[in-house]
Structures are given as C-alpha cells and as structure tokens.
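A.B. asks: Enclosed is the structure file entry.cif (mmCIF, C-alpha atoms).
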data_query
loop_
_atom_site.group_PDB
_atom_site.id
_atom_site.type_symbol
_atom_site.label_atom_id
_atom_site.label_comp_id
_atom_site.auth_asym_id
_atom_site.auth_seq_id
_atom_site.Cartn_x
_atom_site.Cartn_y
_atom_site.Cartn_z
ATOM 1 C CA MET A 1 0.000 0.000 0.000
ATOM 2 C CA THR A 2 1.280 3.475 -0.887
ATOM 3 C CA SER A 3 1.280 5.785 2.126
ATOM 4 C CA GLN A 4 0.039 9.328 1.747
ATOM 5 C CA PRO A 5 2.637 11.930 2.744
ATOM 6 C CA THR A 6 1.912 14.516 5.397
ATOM 7 C CA PHE A 7 3.572 17.927 4.918
ATOM 8 C CA THR A 8 5.134 19.962 7.659
ATOM 9 C CA ASP A 9 2.077 22.194 8.004
ATOM 10 C CA GLY A 10 -0.164 19.141 8.407
ATOM 11 C CA THR A 11 -1.694 19.510 4.943
ATOM 12 C CA ASN A 12 -2.472 16.338 3.032
ATOM 13 C CA PRO A 13 -2.778 16.403 -0.769
ATOM 14 C CA PRO A 14 -5.983 15.073 -2.338
ATOM 15 C CA LYS A 15 -5.974 11.283 -2.555
ATOM 16 C CA PHE A 16 -7.067 11.166 -6.200
ATOM 17 C CA ILE A 17 -5.890 13.990 -8.470
ATOM 18 C CA ALA A 18 -6.865 14.123 -12.146
ATOM 19 C CA ILE A 19 -5.291 16.453 -14.695
ATOM 20 C CA GLU A 20 -7.046 17.514 -17.888
ATOM 21 C CA GLY A 21 -6.493 19.722 -20.906
ATOM 22 C CA ASN A 22 -5.901 19.712 -24.628
ATOM 23 C CA ILE A 23 -3.206 17.808 -26.529
ATOM 24 C CA GLY A 24 0.253 19.169 -25.751
ATOM 25 C CA VAL A 25 -0.674 21.185 -22.668
ATOM 26 C CA GLY A 26 1.460 19.076 -20.312
ATOM 27 C CA LYS A 27 -0.970 16.746 -18.523
ATOM 28 C CA THR A 28 1.241 13.674 -18.368
ATOM 29 C CA THR A 29 4.371 15.563 -17.381
ATOM 30 C CA LEU A 30 2.563 17.273 -14.511
ATOM 31 C CA ALA A 31 0.972 13.983 -13.415
ATOM 32 C CA LYS A 32 4.381 12.317 -13.202
ATOM 33 C CA LYS A 33 5.905 15.224 -11.281
ATOM 34 C CA LEU A 34 3.053 15.300 -8.773
ATOM 35 C CA ALA A 35 3.292 11.532 -8.338
ATOM 36 C CA GLU A 36 6.978 11.881 -7.527
ATOM 37 C CA THR A 37 6.376 14.773 -5.132
ATOM 38 C CA PHE A 38 3.531 13.103 -3.260
ATOM 39 C CA ASN A 39 4.787 9.502 -3.559
ATOM 40 C CA TYR A 40 1.657 8.591 -5.531
ATOM 41 C CA GLU A 41 0.904 5.952 -8.099
ATOM 42 C CA THR A 42 0.151 7.158 -11.627
ATOM 43 C CA LEU A 43 -2.862 6.318 -13.744
ATOM 44 C CA LEU A 44 -1.866 7.380 -17.241
ATOM 45 C CA GLU A 45 -3.419 7.199 -20.672
ATOM 46 C CA GLN A 46 -1.753 4.703 -22.980
ATOM 47 C CA PRO A 47 -2.231 6.039 -26.513
ATOM 48 C CA ALA A 48 0.504 3.764 -27.890
ATOM 49 C CA GLU A 49 -1.696 0.769 -27.068
ATOM 50 C CA ASN A 50 -4.492 1.983 -29.374
ATOM 51 C CA PRO A 51 -4.012 0.151 -32.708
ATOM 52 C CA PHE A 52 -6.366 2.551 -34.507
ATOM 53 C CA LEU A 53 -4.788 5.847 -33.476
ATOM 54 C CA LYS A 54 -2.210 6.130 -36.264
ATOM 55 C CA ARG A 55 -4.898 5.472 -38.869
ATOM 56 C CA PHE A 56 -7.031 8.178 -37.274
ATOM 57 C CA TYR A 57 -4.237 10.751 -37.373
ATOM 58 C CA ASP A 58 -3.574 9.756 -40.982
ATOM 59 C CA ASN A 59 -7.212 10.718 -41.718
ATOM 60 C CA GLU A 60 -8.145 7.230 -42.796
ATOM 61 C CA ASP A 61 -11.912 6.947 -43.232
ATOM 62 C CA GLY A 62 -13.638 4.708 -40.719
ATOM 63 C CA ALA A 63 -10.936 4.859 -38.034
ATOM 64 C CA ALA A 64 -12.535 7.469 -35.749
ATOM 65 C CA LEU A 65 -15.191 5.276 -34.134
ATOM 66 C CA ALA A 66 -12.818 2.384 -33.531
ATOM 67 C CA THR A 67 -10.221 4.765 -32.089
ATOM 68 C CA GLN A 68 -12.731 6.366 -29.748
ATOM 69 C CA LEU A 69 -14.253 3.103 -28.544
ATOM 70 C CA PHE A 70 -10.829 1.632 -27.822
ATOM 71 C CA PHE A 71 -9.968 4.656 -25.674
ATOM 72 C CA LEU A 72 -13.326 4.409 -23.901
ATOM 73 C CA PHE A 73 -12.837 0.734 -23.008
ATOM 74 C CA GLN A 74 -9.271 1.432 -21.904
ATOM 75 C CA ARG A 75 -10.181 4.399 -19.695
ATOM 76 C CA VAL A 76 -13.179 2.671 -18.095
ATOM 77 C CA LYS A 77 -10.997 -0.316 -17.218
ATOM 78 C CA GLN A 78 -8.434 1.991 -15.614
ATOM 79 C CA MET A 79 -11.097 3.757 -13.560
ATOM 80 C CA GLN A 80 -12.611 0.470 -12.471
ATOM 81 C CA SER A 81 -9.234 -0.534 -11.057
ATOM 82 C CA ILE A 82 -9.578 2.321 -8.565
ATOM 83 C CA ARG A 83 -13.034 1.184 -7.476
ATOM 84 C CA GLN A 84 -11.868 -2.422 -7.043
ATOM 85 C CA ASN A 85 -8.920 -1.351 -4.905
ATOM 86 C CA ASP A 86 -10.789 1.071 -2.665
ATOM 87 C CA MET A 87 -10.176 -1.186 0.326
ATOM 88 C CA PHE A 88 -6.472 -0.415 0.049
ATOM 89 C CA GLN A 89 -7.031 3.365 0.065
ATOM 90 C CA PRO A 90 -4.927 4.045 -3.037
ATOM 91 C CA VAL A 91 -3.467 7.457 -3.725
ATOM 92 C CA ARG A 92 -3.174 8.274 -7.397
ATOM 93 C CA VAL A 93 -2.708 11.018 -9.941
ATOM 94 C CA SER A 94 -4.080 10.549 -13.453
ATOM 95 C CA ASP A 95 -3.657 12.475 -16.692
ATOM 96 C CA PHE A 96 -7.319 12.218 -17.648
ATOM 97 C CA ILE A 97 -10.892 12.180 -16.412
ATOM 98 C CA LEU A 98 -13.333 9.766 -17.982
ATOM 99 C CA GLU A 99 -15.638 12.538 -19.199
ATOM 100 C CA LYS A 100 -12.941 13.725 -21.630
ATOM 101 C CA ASP A 101 -13.619 10.725 -23.810
ATOM 102 C CA GLU A 102 -17.072 12.003 -24.724
ATOM 103 C CA LEU A 103 -15.684 15.466 -25.495
ATOM 104 C CA PHE A 104 -13.265 14.081 -28.063
ATOM 105 C CA ALA A 105 -16.000 11.893 -29.521
ATOM 106 C CA GLN A 106 -18.078 14.991 -30.234
ATOM 107 C CA VAL A 107 -15.251 16.276 -32.450
ATOM 108 C CA THR A 108 -14.146 13.064 -34.142
ATOM 109 C CA LEU A 109 -17.391 11.187 -34.871
ATOM 110 C CA GLU A 110 -20.114 11.581 -37.444
ATOM 111 C CA PRO A 111 -23.656 12.057 -36.026
ATOM 112 C CA GLU A 112 -24.722 8.409 -36.416
ATOM 113 C CA GLU A 113 -21.407 7.180 -35.016
ATOM 114 C CA LEU A 114 -21.784 9.543 -32.070
ATOM 115 C CA LYS A 115 -25.242 8.152 -31.280
ATOM 116 C CA LEU A 116 -23.816 4.621 -31.176
ATOM 117 C CA TYR A 117 -20.830 5.731 -29.126
ATOM 118 C CA GLN A 118 -23.029 7.520 -26.574
ATOM 119 C CA GLN A 119 -25.153 4.399 -26.085
ATOM 120 C CA VAL A 120 -22.002 2.445 -25.223
ATOM 121 C CA TYR A 121 -20.656 5.310 -23.090
ATOM 122 C CA ASN A 122 -23.835 5.569 -21.027
ATOM 123 C CA GLN A 123 -23.758 1.856 -20.286
ATOM 124 C CA MET A 124 -20.129 1.853 -19.179
ATOM 125 C CA VAL A 125 -19.485 4.982 -17.135
ATOM 126 C CA ASP A 126 -21.985 4.461 -14.332
ATOM 127 C CA ASP A 127 -20.558 4.683 -10.810
ATOM 128 C CA THR A 128 -16.988 5.576 -11.721
ATOM 129 C CA PRO A 129 -15.017 7.273 -8.934
ATOM 130 C CA ALA A 130 -14.818 11.066 -8.885
ATOM 131 C CA PRO A 131 -11.410 12.692 -8.335
ATOM 132 C CA ASP A 132 -10.764 14.591 -5.118
ATOM 133 C CA LEU A 133 -9.269 17.361 -7.273
ATOM 134 C CA VAL A 134 -9.346 18.075 -11.014
ATOM 135 C CA ILE A 135 -6.642 20.325 -12.465
ATOM 136 C CA TYR A 136 -7.552 21.820 -15.839
ATOM 137 C CA LEU A 137 -4.502 23.103 -17.734
ATOM 138 C CA GLN A 138 -5.624 25.821 -20.125
ATOM 139 C CA ALA A 139 -3.530 27.231 -22.992
ATOM 140 C CA PRO A 140 -4.212 28.889 -26.372
ATOM 141 C CA VAL A 141 -3.846 26.932 -29.591
ATOM 142 C CA ASP A 142 -0.592 28.532 -30.708
ATOM 143 C CA VAL A 143 1.059 27.477 -27.436
ATOM 144 C CA LEU A 144 -0.270 23.940 -27.839
ATOM 145 C CA GLN A 145 1.057 23.741 -31.392
ATOM 146 C CA GLN A 146 4.509 24.833 -30.274
ATOM 147 C CA ARG A 147 4.615 22.294 -27.447
ATOM 148 C CA ILE A 148 3.422 19.511 -29.748
ATOM 149 C CA LYS A 149 6.204 20.417 -32.175
ATOM 150 C CA VAL A 150 8.846 20.490 -29.439
ATOM 151 C CA ARG A 151 7.977 17.118 -27.919
ATOM 152 C CA GLY A 152 8.117 15.573 -31.378
ATOM 153 C CA ILE A 153 5.638 12.690 -31.176
ATOM 154 C CA ASP A 154 5.244 11.706 -34.819
ATOM 155 C CA MET A 155 1.499 11.035 -34.850
ATOM 156 C CA GLU A 156 0.712 14.324 -33.101
ATOM 157 C CA GLN A 157 2.451 16.371 -35.793
ATOM 158 C CA ARG A 158 -0.591 15.704 -37.996
ATOM 159 C CA VAL A 159 -2.988 17.417 -35.561
ATOM 160 C CA ASP A 160 -4.278 20.596 -37.203
ATOM 161 C CA ILE A 161 -5.240 23.931 -35.698
ATOM 162 C CA ASP A 162 -8.981 23.459 -36.304
ATOM 163 C CA TYR A 163 -8.992 20.232 -34.289
ATOM 164 C CA LEU A 164 -7.128 21.835 -31.380
ATOM 165 C CA THR A 165 -9.443 24.843 -31.495
ATOM 166 C CA ARG A 166 -12.588 22.721 -31.309
ATOM 167 C CA ILE A 167 -11.200 20.684 -28.422
ATOM 168 C CA ASN A 168 -10.290 23.888 -26.562
ATOM 169 C CA GLU A 169 -13.819 25.206 -27.039
ATOM 170 C CA LEU A 170 -15.371 21.976 -25.750
ATOM 171 C CA TYR A 171 -13.118 21.940 -22.687
ATOM 172 C CA THR A 172 -13.988 25.562 -21.910
ATOM 173 C CA ARG A 173 -17.711 24.835 -22.141
ATOM 174 C CA PHE A 174 -17.428 21.581 -20.170
ATOM 175 C CA PHE A 175 -15.480 23.037 -17.250
ATOM 176 C CA HIS A 176 -17.726 26.107 -17.117
ATOM 177 C CA TYR A 177 -20.409 23.782 -15.717
ATOM 178 C CA TYR A 178 -18.232 21.118 -14.063
ATOM 179 C CA ASP A 179 -19.025 20.517 -10.384
ATOM 180 C CA ARG A 180 -18.374 16.833 -9.777
ATOM 181 C CA SER A 181 -15.067 17.526 -8.007
ATOM 182 C CA PRO A 182 -13.127 20.535 -6.717
ATOM 183 C CA LEU A 183 -11.661 22.224 -9.785
ATOM 184 C CA LEU A 184 -8.414 24.151 -10.247
ATOM 185 C CA ILE A 185 -8.138 25.985 -13.583
ATOM 186 C CA VAL A 186 -4.504 26.795 -14.400
ATOM 187 C CA ASN A 187 -3.216 29.334 -16.901
ATOM 188 C CA ALA A 188 -0.702 26.907 -18.425
ATOM 189 C CA GLU A 189 0.425 29.459 -21.016
ATOM 190 C CA GLU A 190 2.360 31.398 -18.418
ATOM 191 C CA ILE A 191 4.008 28.619 -16.407
ATOM 192 C CA ASP A 192 6.577 25.948 -17.219
ATOM 193 C CA VAL A 193 6.206 23.152 -14.686
ATOM 194 C CA VAL A 194 8.702 21.010 -16.606
ATOM 195 C CA ASN A 195 11.763 23.256 -16.538
ATOM 196 C CA ASN A 196 10.990 25.894 -13.923
ATOM 197 C CA ASP A 197 11.058 24.678 -10.307
ATOM 198 C CA ASP A 198 9.543 27.908 -8.999
ATOM 199 C CA ASP A 199 6.566 27.543 -11.331
ATOM 200 C CA TYR A 200 6.057 23.934 -10.295
ATOM 201 C CA LEU A 201 6.396 24.505 -6.565
ATOM 202 C CA GLY A 202 4.089 27.511 -6.744
ATOM 203 C CA LEU A 203 1.396 25.365 -8.304
ATOM 204 C CA VAL A 204 1.895 22.599 -5.741
ATOM 205 C CA ASP A 205 1.623 25.073 -2.876
ATOM 206 C CA TYR A 206 -1.598 26.462 -4.301
ATOM 207 C CA LEU A 207 -3.303 23.134 -5.035
ATOM 208 C CA LEU A 208 -2.702 21.966 -1.469
ATOM 209 C CA ARG A 209 -5.027 24.748 -0.305
ATOM 210 C CA VAL A 210 -7.869 23.759 -2.641
ATOM 211 C CA LYS A 211 -10.519 21.855 -0.704
ATOM 212 C CA ARG A 212 -13.791 22.594 -2.511
ATOM 213 C CA GLY A 213 -15.335 24.715 -5.233
ATOM 214 C CA ARG A 214 -13.760 26.330 -8.294
ATOM 215 C CA HIS A 215 -10.372 28.020 -8.236
ATOM 216 C CA TYR A 216 -8.181 29.871 -10.727
ATOM 217 C CA TYR A 217 -4.386 29.867 -10.703
ATOM 218 C CA ASN A 218 -2.825 32.582 -12.821
ATOM 219 C CA PRO A 219 0.784 33.259 -11.870
ATOM 220 C CA VAL A 220 0.782 36.538 -13.788
ATOM 221 C CA ALA A 221 -1.817 37.957 -11.410
ATOM 222 C CA GLN A 222 -2.499 37.181 -7.785
ATOM 223 C CA PRO A 223 -4.262 33.776 -7.482
ATOM 224 C CA VAL A 224 -7.957 34.157 -6.676
ATOM 225 C CA LEU A 225 -9.968 31.831 -4.422
ATOM 226 C CA LEU A 226 -13.724 31.843 -5.021
#
Can you dump the structure from the file as structure tokens?
C.D. replies:
Amino acid sequence: MTSQPTFTDGTNPPKFIAIEGNIGVGKTTLAKKLAETFNYETLLEQPAENPFLKRFYDNEDGAALATQLFFLFQRVKQMQSIRQNDMFQPVRVSDFILEKDELFAQVTLEPEELKLYQQVYNQMVDDTPAPDLVIYLQAPVDVLQQRIKVRGIDMEQRVDIDYLTRINELYTRFFHYYDRSPLLIVNAEEIDVVNNDDDYLGLVDYLLRVKRGRHYYNPVAQPVLL
C-alpha cells in the first residue's frame, strides 16, 4: 500500500488527483511530477496501445469510431481498477478524467457514429469514482502547437489547428459547468512546470489549499480563491 505523505504544516494532498487539458498542454508531465512529489501511483493514458490511433491521425476513413471506442474501453478499465482497490485506500494522480472521452468523440465522430458511441458510453461509465481534485490546464492553440512540435511525437504532428481549437472550445464549455469535483483551472500558457522549479512549486503550494469549489491559478496575477 502506498502511504500518503503529510507535509510539515499538516496539509495532506488530495488522494485522487486528475489532470485535464488539450493535446500538448502538459498533462502527463505534470501527473508524473506530482506523483513523484507526493509519492503517488500514476494512472496514465496509454495512446501507444491503441491500434487505430495512427490510422485516425492519418485521416483514414472509418478509423474514428474504432479509435474512440478503444480509448473508452481502456479508460473505463483503468477507472474500475480504482473502485476495485478502494479497500487499500490508493493514492493516485491521473492524466485524464473519464468525461474527456465524450468530449473528443463529439469532435471526431459523425452524427450516427456519435449516437452509437453515446449508447455504449452511457452503459459503461456508471458509478466511476470522482477525483478529489481536477486540475484543468488551459492554454491557447498557438502554445499547444509549439509544445506539440517540441515534444516531437510523430502522430501528433498531424494534428491541425482546427482540431485543437474545437477541443479547446469543448473543454472551456465543459469546465464552465463542471461541479463533480473541486476544480483548479490553471493558466498553463504562463508557467513551465517542466523546466521551472519555482513555477512547479508555486502550483503545488496552491493546489494543497484547494478543498472545494472552483479556483483559478494565474501566476501573472495574484491567485484568486472563489
């Protein structure tokens, strides 16, 4: 069993942290850094395991539904592992929430495909565990494009600006109404949690104080608690 660290001020981090945001925004990197800081297990997406993803990025007709369903089955199975291990009080940080799957489906699928997908989705997502904190990393499309280029994953180089823009719009709309878990919205354009220790530690310090509600972290201005 992984023990949850206690910090010198007595603050405990949330037991289940989920990080969300568009392609290239830094979800997985932040998840791994938080896991190392808090001595947590990681629950990470595994895009390399999806045999349909390359065909989808290559714009091959008919690959979108198969790609999306594979991700749905994969993510549901990962979330179910948390439910099954509740007795061991796991502490985890993930680089996704299950609801993101439906957001991407709205962009990638044709109307009839989306109807079929949503029938499967509704049958599978019942009673999945809610995170104790969701961190939404928000950045404009030009920043995402630059980060995608820098990290150099071959398949991602085919992602166009229209796709990133639509995903950004869906995330903005989704998190405007999100209330399933405490939510921390981070201006990821202005911080570099990979290479700048001050940026990373500032975010960690702030998230430890988030207990409920909706919060905004913008390092350019003074962080605001609502």
A.B. asks: Evaluate the PyMOL selection byres ((chain A and resi 93-96) around 6) against this structure - the residues, as an MDAnalysis selection string, please.
C.D. replies: chainID A and resid 16:20 27:28 31 42:44 92 97
A.B. asks: Between A:Gln145, A:Phe104, A:Phe73, A:Ile135, which residue has the minimum interatomic distance to Val204 (chain A), considering all atoms listed in the file?
C.D. replies: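 Smallest separation from Val204 (chain A) among the options: A:Ile135.
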A.B. asks: With 4 Å of padding per side, what axis-aligned box (centre and edge lengths, Å, one decimal) covers all the listed atoms of region 124-132 of chain A? Give it as AutoDock Vina command-line options.
C.D. replies:
--center_x -16.4 --center_y 8.2 --center_z -12.1 --size_x 19.2 --size_y 20.7 --size_z 22.1
A.B. asks: In Å, rounded to a single decimal, give me how far CA of Val186 (chain A) is from CA of Leu137 (chain A).
C.D. replies: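 Computed distance, CA of Leu137 (chain A) to CA of Val186 (chain A), equals 5.0 Å.
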A.B. asks: Set the distance at 12 Å and use all atoms listed in the file: which residues neighbour Glu110 (chain A) once local chain neighbours fewer than 3 positions away are removed? I'd like the list as a PyMOL selection string.
C.D. replies: chain A and resi 61-65+68+104-107+113-118
A.B. asks: Could you tell me, as number ranges by chain, exactly which residues end up selected when the PyMOL selection byres ((chain A and resi 146-161) around 12) is applied to this structure?
C.D. replies: A: 22-27, 29, 47-48, 52-59, 139-145, 162-168, 188-189, 192, 194
A.B. asks: Apply the PyMOL selection byres ((chain A and resi 76) around 10) to the file shown and report the selected residues as a PDB file with C-alpha atoms, in the coordinates of the input.
C.D. replies:
ATOM      1  CA  PHE A  71      -9.968   4.656 -25.674  1.00  0.00           C
ATOM      2  CA  LEU A  72     -13.326   4.409 -23.901  1.00  0.00           C
ATOM      3  CA  PHE A  73     -12.837   0.734 -23.008  1.00  0.00           C
ATOM      4  CA  GLN A  74      -9.271   1.432 -21.904  1.00  0.00           C
ATOM      5  CA  ARG A  75     -10.181   4.399 -19.695  1.00  0.00           C
ATOM      6  CA  LYS A  77     -10.997  -0.316 -17.218  1.00  0.00           C
ATOM      7  CA  GLN A  78      -8.434   1.991 -15.614  1.00  0.00           C
ATOM      8  CA  MET A  79     -11.097   3.757 -13.560  1.00  0.00           C
ATOM      9  CA  GLN A  80     -12.611   0.470 -12.471  1.00  0.00           C
ATOM     10  CA  SER A  81      -9.234  -0.534 -11.057  1.00  0.00           C
ATOM     11  CA  ILE A  97     -10.892  12.180 -16.412  1.00  0.00           C
ATOM     12  CA  LEU A  98     -13.333   9.766 -17.982  1.00  0.00           C
ATOM     13  CA  ASP A 101     -13.619  10.725 -23.810  1.00  0.00           C
ATOM     14  CA  TYR A 121     -20.656   5.310 -23.090  1.00  0.00           C
ATOM     15  CA  MET A 124     -20.129   1.853 -19.179  1.00  0.00           C
ATOM     16  CA  VAL A 125     -19.485   4.982 -17.135  1.00  0.00           C
ATOM     17  CA  ASP A 126     -21.985   4.461 -14.332  1.00  0.00           C
ATOM     18  CA  THR A 128     -16.988   5.576 -11.721  1.00  0.00           C
TER      19      THR A 128
END
A.B. asks: Compile the contact shell of Leu208 (chain A) as a PyMOL selection string: residues with an atom at most 9 Å away, counting only C-alpha atoms, same-chain residues fewer than 4 positions apart removed.
C.D. replies: chain A and resi 11-14+203-204
A.B. asks: Between A:Leu34, A:Ile82, A:Leu201, A:Ile191, which one has atoms that come closest to Gln138 (chain A), using only C-alpha atoms?
C.D. replies: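 Result for the nearest residue to Gln138 (chain A): A:Ile191.
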A.B. asks: For each of A:Asp198, A:Asp179, A:Asp132, A:Glu169, take the minimum atom-to-atom distance to Lys211 (chain A), counting all atoms listed in the file, then give the residue where this is smallest.
C.D. replies: A:Asp132
A.B. asks: When distances are computed from only C-alpha atoms, which of A:Leu207, A:Val193, A:Val134, A:Leu109 shows the smallest separation from Arg180 (chain A)?
C.D. replies: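 That would be A:Val134, the residue with the smallest distance to Arg180 (chain A).
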A.B. asks: Hey, which of A:Arg214, A:Leu30, A:Phe38, A:Lys15 ends up closest to Asp199 (chain A)? Count all atoms listed in the file.
C.D. replies: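 Under the stated criterion, the closest residue is A:Leu30.
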A.B. asks: Pick out the residues sitting within 12 Å of His215 (chain A), and hand them over as a list in words; count all atoms listed in the file, and ignore anything fewer than 6 positions along from it in its own chain.
C.D. replies: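 The residues that qualify are Leu133, Val134, Ile135, Tyr136, Phe175, His176, Tyr178, Asp179, Ser181, Pro182, Leu183, Leu184, Ile185, Val186, Asn187, Tyr206, Leu207, Leu208, Arg209, Pro223, Val224, Leu225 and Leu226 of chain A.
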A.B. asks: Could you save the residues just selected, with C-alpha atoms, as a PDB file, in the coordinates of the input?
C.D. replies:
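Result saved to result29.pdb:
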ATOM      1  CA  LEU A 133      -9.269  17.361  -7.273  1.00  0.00           C
ATOM      2  CA  VAL A 134      -9.346  18.075 -11.014  1.00  0.00           C
ATOM      3  CA  ILE A 135      -6.642  20.325 -12.465  1.00  0.00           C
ATOM      4  CA  TYR A 136      -7.552  21.820 -15.839  1.00  0.00           C
ATOM      5  CA  PHE A 175     -15.480  23.037 -17.250  1.00  0.00           C
ATOM      6  CA  HIS A 176     -17.726  26.107 -17.117  1.00  0.00           C
ATOM      7  CA  TYR A 178     -18.232  21.118 -14.063  1.00  0.00           C
ATOM      8  CA  ASP A 179     -19.025  20.517 -10.384  1.00  0.00           C
ATOM      9  CA  SER A 181     -15.067  17.526  -8.007  1.00  0.00           C
ATOM     10  CA  PRO A 182     -13.127  20.535  -6.717  1.00  0.00           C
ATOM     11  CA  LEU A 183     -11.661  22.224  -9.785  1.00  0.00           C
ATOM     12  CA  LEU A 184      -8.414  24.151 -10.247  1.00  0.00           C
ATOM     13  CA  ILE A 185      -8.138  25.985 -13.583  1.00  0.00           C
ATOM     14  CA  VAL A 186      -4.504  26.795 -14.400  1.00  0.00           C
ATOM     15  CA  ASN A 187      -3.216  29.334 -16.901  1.00  0.00           C
ATOM     16  CA  TYR A 206      -1.598  26.462  -4.301  1.00  0.00           C
ATOM     17  CA  LEU A 207      -3.303  23.134  -5.035  1.00  0.00           C
ATOM     18  CA  LEU A 208      -2.702  21.966  -1.469  1.00  0.00           C
ATOM     19  CA  ARG A 209      -5.027  24.748  -0.305  1.00  0.00           C
ATOM     20  CA  PRO A 223      -4.262  33.776  -7.482  1.00  0.00           C
ATOM     21  CA  VAL A 224      -7.957  34.157  -6.676  1.00  0.00           C
ATOM     22  CA  LEU A 225      -9.968  31.831  -4.422  1.00  0.00           C
ATOM     23  CA  LEU A 226     -13.724  31.843  -5.021  1.00  0.00           C
TER      24      LEU A 226
END
A.B. asks: With a distance cut-off of 8 Å and only C-alpha atoms, select the neighbouring residues of Asn50 (chain A), excluding the residue or stretch itself and same-chain residues fewer than 4 positions from it, and output the selection as a list in words.
C.D. replies: Gln46, Thr67, Phe70 and Phe71 of chain A
A.B. asks: Tell me, in Å to one decimal, how far CA of Asp127 (chain A) is from CA of Ala35 (chain A).
C.D. replies: 24.9 Å
A.B. asks: What does the structure give for the distance between CA of Leu170 (chain A) and CA of Leu103 (chain A), in Å to one decimal?
C.D. replies: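 Those two atoms sit 6.5 Å apart.
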A.B. asks: Find, counting all atoms listed in the file, the residue in A:Val120, A:Glu45, A:Tyr171, A:Ala66 that gets nearest to Glu99 (chain A).
C.D. replies: A:Tyr171
